[in-house]
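Asker: Sending over a structure as structure tokens; questions will come in a sec.
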Number of protein chains: 2
Amino acid sequence: MTDYRAPTADMLFALNHLAELPQVCALPAFTEASPVLVASVLEEAARFAGDILAPLNTVGDLIGTRVVGDQVRESSGFAEAYVQFTTNGWPALPCNPEFGGMGLPECVGLATMEMWSAANVSFALCPMLGQGAIEAIEHHASEALKACYLPKMISGEWTGTMNLTESQAGSDLSSVQTKAVPHLDHYKLFGTKIFITWGDHSMTNNVVHLVLARLEGAPEGVKGISLFLVPKYLVNDDGEPGARNDVYARSVEHKMGIHGSPTCVMAFGEKGGALGYLVGEANMGLSYMFTMMNHARLNVGVQGVALSDRAYQQAVHYARDRMQGQAPGMPGKSAIIHHPDVRRMLMLMRALSEASRALCYVTSAAFDHGHKALDPEVRASAMRRAELLTPISKAWSTEVSQEVTSLGVQVHGGMGFIEETGAAQLMRDARITTIYEGTTGIQALDLIGRKVIRDQGAALLSLLEEVDETAVALATDFPAMAASLTAASTEFRQATSFVLIHAGDHEHLASAVAYNYLMGAGTVIAGWLMARSALIAASLRHEDEAFYSAKITTATFYFDQIMPRAQAHFSSVSVAATTMMDLTVEQF
Amino acid sequence: MTDYRAPTADMLFALNHLAELPQVCALPAFTEASPVLVASVLEEAARFAGDILAPLNTVGDLIGTRVVGDQVRESSGFAEAYVQFTTNGWPALPCNPEFGGMGLPECVGLATMEMWSAANVSFALCPMLGQGAIEAIEHHASEALKACYLPKMISGEWTGTMNLTESQAGSDLSSVQTKAVPHLDHYKLFGTKIFITWGDHSMTNNVVHLVLARLEGAPEGVKGISLFLVPKYLVNDDGEPGARNDVYARSVEHKMGIHGSPTCVMAFGEKGGALGYLVGEANMGLSYMFTMMNHARLNVGVQGVALSDRAYQQAVHYARDRMQGQAPGMPGKSAIIHHPDVRRMLMLMRALSEASRALCYVTSAAFDHGHKALDPEVRASAMRRAELLTPISKAWSTEVSQEVTSLGVQVHGGMGFIEETGAAQLMRDARITTIYEGTTGIQALDLIGRKVIRDQGAALLSLLEEVDETAVALATDFPAMAASLTAASTEFRQATSFVLIHAGDHEHLASAVAYNYLMGAGTVIAGWLMARSALIAASLRHEDEAFYSAKITTATFYFDQIMPRAQAHFSSVSVAATTMMDLTVEQF
């Protein structure tokens, strides 16, 4: 695998100009932050990602993880890298200063998460899951639990996990069966969880599990699920880990990718009960999970961006070096980067990487305003925007990363299929991103149901007004782009009207069209951000001709080659395609 | 991995009604064949594929192959299965009766190849490459070589390989450097070949290599390449293998998929020279390779079909059993097959599998007419059709198999990412199909250059006339399908005119638009075959309501959800998208 160099120039472009970082930094919560500080933080993060995490990526894939006795062993080198990661303070970056965090904006945290994920997505999953656990504890746990756990989790001294899935409860958490039985002033937990990312390891001296379980006599379904904190080692009065708790990783899965990330089967209570502490109120577990779901989903979206970008870098590197055939207009043998079809693939990879990055960063900045703006109306409006964009960011960015990482293999030709090259690993690693933290189908249902039908399209139409403003602004310098964006926006409105009008006609309709609606939405909104990028680049071109002219070319390519997909997606929405329900189960 | 049951009903539908098997069987060369015989051959093949080959598919993936000393060892069970494969006479099925073949039509051979590939694509590659070698020898080698090698290769007693690629000569074979030096009445070969499928194994007592090499003093480039036959063991006067020849597998590649197929680095002449026999005339090697390229490409296309179909079967099996969530309109928990978005994925998998099958079988039947029709004009016209459709069959079928096998993982949710489930293996195995035997980019160049521009679209326009006839026939019973097919055909003509008019304007244009032109072409032509299927199914519906109504629903779904992609592909052709060449190499 070739080296990873974080694309800080494009990241800063997306942060400063699309996510409007100066306005985020102007929020009172971020008085310490400034675009200049952020640039230097990202430079430092880029070094760490490239020098420390990226070289371990192949190792993690080849060695994987294993259970030795009662303990998971991570791949070699990971523990040392983790120590450096915490020493440098990276886990604390977006966290609450009250508990030792650095308090930088979420969108800056997301940019660093892109770097960790591109360098080594298996490694990055550990702090990513930890961040979710930190958030859940911070928002919902008692002061005592916060004081005991948060500082060590934010510093990274302890890692955190999310224990949701059981074998019968995947996308549908209402079926959770793990039990919690009162015991003195806390609880004992009994049950088995599967697919627990970084459920155990030997990098730190404690692991803090957040666990969904049912109290005896709790209501059926989602309204009877509570959230518990279950540490691997019980914490002594001095705040240090003491007795081993009754929670063990029983096996790690043999997966298609992310071999460096231990995906554990976790057994709770096989030796008498795992001691756990109720987080917040009983039976509120699922709603607590939802408060941090947005963050986790956006993080997975940016994993898609990360793997796309790394695949792009690797493909460019290969295409520059590999001599094969004679390209049109070139004398003698050419590097394959001169062949138009290889160019097409590289440009497609580049355009989708940049567009999905823009989408995720803009979504994250909306959360910054949604969480920290002073004016409640501004907060509410920003949250509506952020929540509308979250399922699109997650699903579209990860779906396009399937395409981009597969193109990465294709650019390498036969060498792409040979594991030593590294292109195949990126594709294998990317394959999980459309599945975990809510499949694409789940995101599509969230978008069409909770984010569009529920407010009758209000949040979406306010976004489409901005899209149309951009189309107007494009008219002079980029007339073709303007026409294409206007057409796409119109198709998006028509598909939305169709859904709003007809969703009630047929019980299957909304869910049947949800996927194509989401993919069309992602294509248009990411395209809008590319169009805005072109406008900004045109105005800044004199500052850095190479960078900004490439931005304009990439945006133009997006409109030529990617935007036409929106129409294909939306047209299958508006033919009310419920043909899919016509076969009987036996006819399949 | 779930069992594989060959979809003989759909295969026979495609053969009988779309490939028009009765007309193929009416050719004098196939007097022994009849649709009834073919049906019973396919039933037998289905049993062999399901009972013998399919159970070894996971074993091959897990165990892989290895070099022990000078010998490649295949996965356990493969040798025993291969013996049964030859005992049953399967390698001989489409071969020349003069040398022991059964002389069945090529399209029937292709249907069996689909079964072997779906059951166990790693295994299937061995007879598939053998078939290519048989064809090259039959058409170009001396009578002596034919008599010595063909009967044992056709019976399967010996296997055959194709040694083309070298590390500097992948898509561009003009760079081949392996040398052939005259030695007595034959040659000694020196050089290293890579990516040699089934280059060695211990299943048979000989392996017959066909090798591209250069004679000393031969012209540069493609006009200086000759074809040699190099056996692993030299053949004694009694026809049995004797002394070991100087050709050895030095290593096998560590690949993303098809682990059961040994992909060898072959060393020729490390111990003094590998004895080889010139096939046909000197310096004609590349043109000899081209004569069998069509066959190999179509076989790889059908590998795409096969892996799509197996992924579909596995996903349906899982979706019927897996209980999760409450589907719209269903009481209580539902099997996920009742969720509309899962249905969408299954229908997409089904429609793409059936459509790509139809495309490959129709192409193969055109070769049957092209090779065996008595009237030279009929032969020539059928060959034009077959050669037009070959790059489309190869590239489109394998590109859609990427999508289908990935959807197979997605339907399984988190379980799809766990290797034990088997869905991931199908995706990993499929990944090579868009690369070997000519990448999608190479197929696209072949289509746009040799098959469309060279005859100024004549062969294509004759096909589009048939498409339009189908659209007329659809008008009464399937008006929406008729309108959609007419629109797609019009867009296809417009894109073709654009290419014919503007290809000369810019040296990059044809190659820049070739991929999207091919993908649009595949979408429309496969859609046309689905539309024909709907018409045929409507007329036969009374015979088998369940089968034929499903066919109509699948065709309808194709037009709702897949056909709109054609417009997206063609629209990016006609914006003359050469933006891809605008960046400098440094800007990437």
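Ordered as shown in the structure tokens, chains take letters A, B, and onward, while each chain numbers its residues from 1 and ligands are numbered from 1 in the order shown.
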Using only C-alpha atoms, determine which residues of chain B fall within 7 Å of chain A; present them as a PyMOL selection string.
Answerer: chain B and resi 172+253-256+316+324-325+328-329+340-341+343-344+347+410+413-414+417-419+424+432+435-436+441+507-508+511-512+546+550+553+557+560-561+564-565+568+572+575+577+579-583+587-588
Asker: Residues of segment 170-362 of chain B classed as alpha helix (DSSP H) by DSSP on the backbone are to be reported as a count of residues only.
Answerer: 60
Asker: If you run DSSP on this backbone, which residues of segment 200-238 of chain A come out as strand (DSSP E or B), and could you give them as a list in words?
Answerer: Val207, Val208, His209, Leu210, Val211, Leu212, Ala213, Arg214, Leu215, Ser226, Leu227, Phe228, Leu229, Val230, Pro231, Tyr233, Leu234 and Val235 of chain A
Asker: Put those residues in a file: N, CA and C atoms, as a CSV table (one decimal), in the first residue's frame.
Answerer:
```csv
chain,number,residue,atom,x,y,z
A,207,VAL,N,-11.8,-0.9,29.8
A,207,VAL,CA,-12.7,-0.7,28.7
A,207,VAL,C,-14.1,-0.4,29.3
A,208,VAL,N,-14.8,0.6,28.8
A,208,VAL,CA,-16.1,1.0,29.4
A,208,VAL,C,-17.1,0.7,28.4
A,209,HIS,N,-18.0,-0.3,28.7
A,209,HIS,CA,-19.0,-0.7,27.8
A,209,HIS,C,-20.4,0.0,28.1
A,210,LEU,N,-21.0,0.5,27.1
A,210,LEU,CA,-22.4,1.0,27.2
A,210,LEU,C,-23.3,-0.1,26.6
A,211,VAL,N,-24.2,-0.5,27.4
A,211,VAL,CA,-25.0,-1.7,27.0
A,211,VAL,C,-26.5,-1.5,27.1
A,212,LEU,N,-27.1,-1.9,26.0
A,212,LEU,CA,-28.6,-1.9,26.0
A,212,LEU,C,-29.1,-3.2,26.6
A,213,ALA,N,-30.0,-3.0,27.6
A,213,ALA,CA,-30.6,-4.2,28.3
A,213,ALA,C,-32.0,-3.9,28.8
A,214,ARG,N,-32.7,-5.0,29.2
A,214,ARG,CA,-34.0,-4.8,29.7
A,214,ARG,C,-34.1,-5.1,31.2
A,215,LEU,N,-34.7,-4.2,31.9
A,215,LEU,CA,-35.1,-4.5,33.3
A,215,LEU,C,-36.2,-5.4,33.3
A,226,SER,N,-33.1,-0.1,28.5
A,226,SER,CA,-32.4,0.8,29.3
A,226,SER,C,-30.9,0.8,28.9
A,227,LEU,N,-30.2,1.8,29.3
A,227,LEU,CA,-28.8,1.9,29.0
A,227,LEU,C,-27.9,1.7,30.3
A,228,PHE,N,-27.0,0.9,30.2
A,228,PHE,CA,-26.1,0.6,31.4
A,228,PHE,C,-24.6,0.8,31.0
A,229,LEU,N,-23.9,1.3,32.0
A,229,LEU,CA,-22.5,1.4,31.9
A,229,LEU,C,-21.8,0.2,32.6
A,230,VAL,N,-21.1,-0.6,31.9
A,230,VAL,CA,-20.5,-1.8,32.4
A,230,VAL,C,-19.0,-1.8,32.2
A,231,PRO,N,-18.2,-1.5,33.2
A,231,PRO,CA,-16.7,-1.5,33.0
A,231,PRO,C,-16.1,-2.9,32.9
A,233,TYR,N,-13.1,-3.6,34.1
A,233,TYR,CA,-12.6,-3.6,35.5
A,233,TYR,C,-13.4,-2.6,36.3
A,234,LEU,N,-14.0,-3.1,37.5
A,234,LEU,CA,-14.7,-2.2,38.4
A,234,LEU,C,-13.7,-1.2,38.9
A,235,VAL,N,-14.2,0.0,39.1
A,235,VAL,CA,-13.3,1.1,39.5
A,235,VAL,C,-13.3,1.3,41.0
```
Asker: Please identify all polymer residues within 8 Å of Thr65 of chain A, counting only C-alpha atoms, omitting same-chain residues fewer than 6 positions from it, and present them as a list in words.
Answerer: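 In the requested form, the answer reads Val72, Arg73, Glu74, Ser75, Val252, His259, Gly260, Ser261 and Pro262 of chain A.
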Asker: Considering only C-alpha atoms, can you say which of B:Leu37, B:Ile501, B:Val400, B:Met383 comes closest to Ile453 of chain B?
Answerer: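 Among the listed residues, the smallest separation from Ile453 of chain B belongs to B:Ile501.
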Asker: May I have the residues within 12 Å of Ala243 of chain B as a list in words, using only C-alpha atoms and disregarding those fewer than 2 positions away in the same chain?
Answerer: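 Returned residues: Asn205, Asn206, Pro231, Lys232, Tyr233, Leu234, Val235, Asn236, Asp237, Glu240, Pro241, Asn245, Asp246, Val247, Ala274 and Leu275 of chain B.
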Asker: Next, write the just-selected residues to a file, as an mmCIF file, in the first residue's frame, keeping N, CA and C atoms as the atom set.
Answerer:
```cif
data_model
loop_
_atom_site.group_PDB
_atom_site.id
_atom_site.type_symbol
_atom_site.label_atom_id
_atom_site.label_comp_id
_atom_site.auth_asym_id
_atom_site.auth_seq_id
_atom_site.Cartn_x
_atom_site.Cartn_y
_atom_site.Cartn_z
ATOM 1 N N ASN B 205 -1.987 -35.641 -15.430
ATOM 2 C CA ASN B 205 -0.574 -35.969 -15.609
ATOM 3 C C ASN B 205 0.125 -35.148 -16.693
ATOM 4 N N ASN B 206 -0.596 -34.150 -17.215
ATOM 5 C CA ASN B 206 0.090 -33.185 -18.073
ATOM 6 C C ASN B 206 -0.697 -31.882 -18.113
ATOM 7 N N PRO B 231 4.428 -28.202 -23.490
ATOM 8 C CA PRO B 231 3.824 -29.107 -22.506
ATOM 9 C C PRO B 231 4.644 -29.159 -21.220
ATOM 10 N N LYS B 232 3.964 -29.408 -20.116
ATOM 11 C CA LYS B 232 4.669 -29.584 -18.842
ATOM 12 C C LYS B 232 5.569 -30.815 -18.928
ATOM 13 N N TYR B 233 5.036 -31.902 -19.457
ATOM 14 C CA TYR B 233 5.823 -33.108 -19.720
ATOM 15 C C TYR B 233 5.858 -33.319 -21.225
ATOM 16 N N LEU B 234 7.046 -33.539 -21.769
ATOM 17 C CA LEU B 234 7.158 -33.830 -23.200
ATOM 18 C C LEU B 234 6.425 -35.140 -23.475
ATOM 19 N N VAL B 235 5.845 -35.226 -24.661
ATOM 20 C CA VAL B 235 5.021 -36.392 -24.972
ATOM 21 C C VAL B 235 5.861 -37.429 -25.731
ATOM 22 N N ASN B 236 5.874 -38.643 -25.214
ATOM 23 C CA ASN B 236 6.617 -39.734 -25.862
ATOM 24 C C ASN B 236 5.931 -40.167 -27.156
ATOM 25 N N ASP B 237 6.615 -41.026 -27.902
ATOM 26 C CA ASP B 237 6.052 -41.510 -29.164
ATOM 27 C C ASP B 237 4.748 -42.282 -28.944
ATOM 28 N N GLU B 240 2.143 -40.808 -24.454
ATOM 29 C CA GLU B 240 2.062 -40.608 -23.004
ATOM 30 C C GLU B 240 3.127 -39.604 -22.546
ATOM 31 N N PRO B 241 2.886 -38.939 -21.425
ATOM 32 C CA PRO B 241 3.851 -37.955 -20.919
ATOM 33 C C PRO B 241 5.172 -38.621 -20.549
ATOM 34 N N ASN B 245 9.508 -31.051 -18.784
ATOM 35 C CA ASN B 245 9.969 -29.912 -19.575
ATOM 36 C C ASN B 245 10.373 -28.789 -18.612
ATOM 37 N N ASP B 246 11.138 -27.838 -19.141
ATOM 38 C CA ASP B 246 11.711 -26.782 -18.292
ATOM 39 C C ASP B 246 10.734 -25.605 -18.115
ATOM 40 N N VAL B 247 9.549 -25.912 -17.584
ATOM 41 C CA VAL B 247 8.571 -24.861 -17.268
ATOM 42 C C VAL B 247 7.995 -25.164 -15.888
ATOM 43 N N ALA B 274 12.795 -24.210 -22.242
ATOM 44 C CA ALA B 274 11.562 -25.006 -22.265
ATOM 45 C C ALA B 274 11.272 -25.374 -23.715
ATOM 46 N N LEU B 275 11.176 -26.670 -24.020
ATOM 47 C CA LEU B 275 10.909 -27.079 -25.399
ATOM 48 C C LEU B 275 9.502 -26.671 -25.805
#
```
Asker: Give me, please, the distance in Å between atom CA of Ala521 of chain B and atom CA of Gln303 of chain B, quoted to one decimal.
Answerer: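 We find that atom CA of Ala521 of chain B and atom CA of Gln303 of chain B lie 19.7 Å from each other.
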Asker: Report as a list in words all protein, DNA and RNA residues lying within 6 Å of segment 266-272 of chain A, evaluated on only C-alpha atoms, omitting residues in the same chain fewer than 3 positions from it.
Answerer: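 Here the qualifying residues turn out to be Leu189, Phe190, Gly191, Thr192, Lys193, Asp246, Val247, Tyr248, Ala249 and Arg250 of chain A.
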Asker: With C-alpha atoms retained, could you export that selection as a compact mmCIF listing (two decimals), in the first residue's frame?
Answerer:
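New file result-v7.txt:
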```txt
# COMPACT_ATOMS: atom_id res chain seq x y z
CA LEU A 189 -26.40 -7.90 33.50
CA PHE A 190 -26.86 -11.20 31.70
CA GLY A 191 -26.78 -11.71 27.93
CA THR A 192 -24.74 -11.92 24.77
CA LYS A 193 -23.98 -9.08 22.39
CA ASP A 246 -18.04 -10.46 34.50
CA VAL A 247 -17.90 -9.34 30.85
CA TYR A 248 -15.69 -11.17 28.38
CA ALA A 249 -15.03 -11.25 24.65
CA ARG A 250 -15.70 -14.86 23.69
```
Asker: Quick one: residues within 9 Å of Asn96 of chain A, only C-alpha atoms, excluding same-chain residues fewer than 5 positions away - as a list in words?
Answerer: Gly101, Met102, Gly103, Leu104, Glu138 and Ile154 of chain A
Asker: Would you export the selected residues with N, CA and C atoms as a CSV table (one decimal), in the first residue's frame, please?
Answerer:
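Listing of out-v7.csv after writing:
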```
chain,number,residue,atom,x,y,z
A,101,GLY,N,-11.5,17.9,27.8
A,101,GLY,CA,-11.5,18.0,26.4
A,101,GLY,C,-10.9,19.3,25.9
A,102,MET,N,-10.6,19.3,24.5
A,102,MET,CA,-10.1,20.5,24.0
A,102,MET,C,-11.2,21.5,23.5
A,103,GLY,N,-12.4,21.0,23.3
A,103,GLY,CA,-13.5,21.8,22.9
A,103,GLY,C,-13.4,22.4,21.6
A,104,LEU,N,-12.8,21.8,20.6
A,104,LEU,CA,-12.8,22.3,19.2
A,104,LEU,C,-14.1,21.9,18.6
A,138,GLU,N,-21.9,11.8,28.9
A,138,GLU,CA,-21.9,13.2,29.1
A,138,GLU,C,-23.4,13.7,29.2
A,154,ILE,N,-12.0,10.6,28.0
A,154,ILE,CA,-11.7,11.7,27.1
A,154,ILE,C,-10.2,11.8,26.8
```
Asker: Need the shell around Thr291 of chain A: protein/DNA/RNA residues with any atom at most 12 Å away, counting only C-alpha atoms. Skip same-chain ones fewer than 4 positions apart. Format as a list of chain:residue names?
Answerer: A:Gly132, A:Ala133, A:Ile134, A:Glu135, A:Ala136, A:Ile137, A:Glu138, A:His139, A:His140, A:Met284, A:Gly285, A:Leu286, A:Ser287, A:His295, A:Ala296, A:Arg297, A:His371, A:Glu387
Asker: Could you dump the residues just selected with C-alpha atoms as a PDB file, in the first residue's frame?
Answerer:
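Contents of out.pdb, freshly written:
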```pdb
ATOM      1  CA  GLY A 132     -20.074   7.818  21.062  1.00  0.00           C
ATOM      2  CA  ALA A 133     -19.778   6.373  24.534  1.00  0.00           C
ATOM      3  CA  ILE A 134     -18.380   9.668  25.871  1.00  0.00           C
ATOM      4  CA  GLU A 135     -21.287  11.542  24.369  1.00  0.00           C
ATOM      5  CA  ALA A 136     -23.864   9.177  25.863  1.00  0.00           C
ATOM      6  CA  ILE A 137     -22.339   9.444  29.320  1.00  0.00           C
ATOM      7  CA  GLU A 138     -21.923  13.205  29.128  1.00  0.00           C
ATOM      8  CA  HIS A 139     -25.539  13.786  28.134  1.00  0.00           C
ATOM      9  CA  HIS A 140     -27.324  11.188  30.198  1.00  0.00           C
ATOM     10  CA  MET A 284     -34.976   5.497  28.061  1.00  0.00           C
ATOM     11  CA  GLY A 285     -32.058   3.577  26.523  1.00  0.00           C
ATOM     12  CA  LEU A 286     -33.107   3.713  22.927  1.00  0.00           C
ATOM     13  CA  SER A 287     -33.750   7.433  22.941  1.00  0.00           C
ATOM     14  CA  HIS A 295     -22.616  11.625  15.434  1.00  0.00           C
ATOM     15  CA  ALA A 296     -21.822   7.964  14.838  1.00  0.00           C
ATOM     16  CA  ARG A 297     -23.528   8.012  11.463  1.00  0.00           C
ATOM     17  CA  HIS A 371     -25.494  22.588  19.465  1.00  0.00           C
ATOM     18  CA  GLU A 387     -30.582  16.064  10.851  1.00  0.00           C
TER      19      GLU A 387
END
```
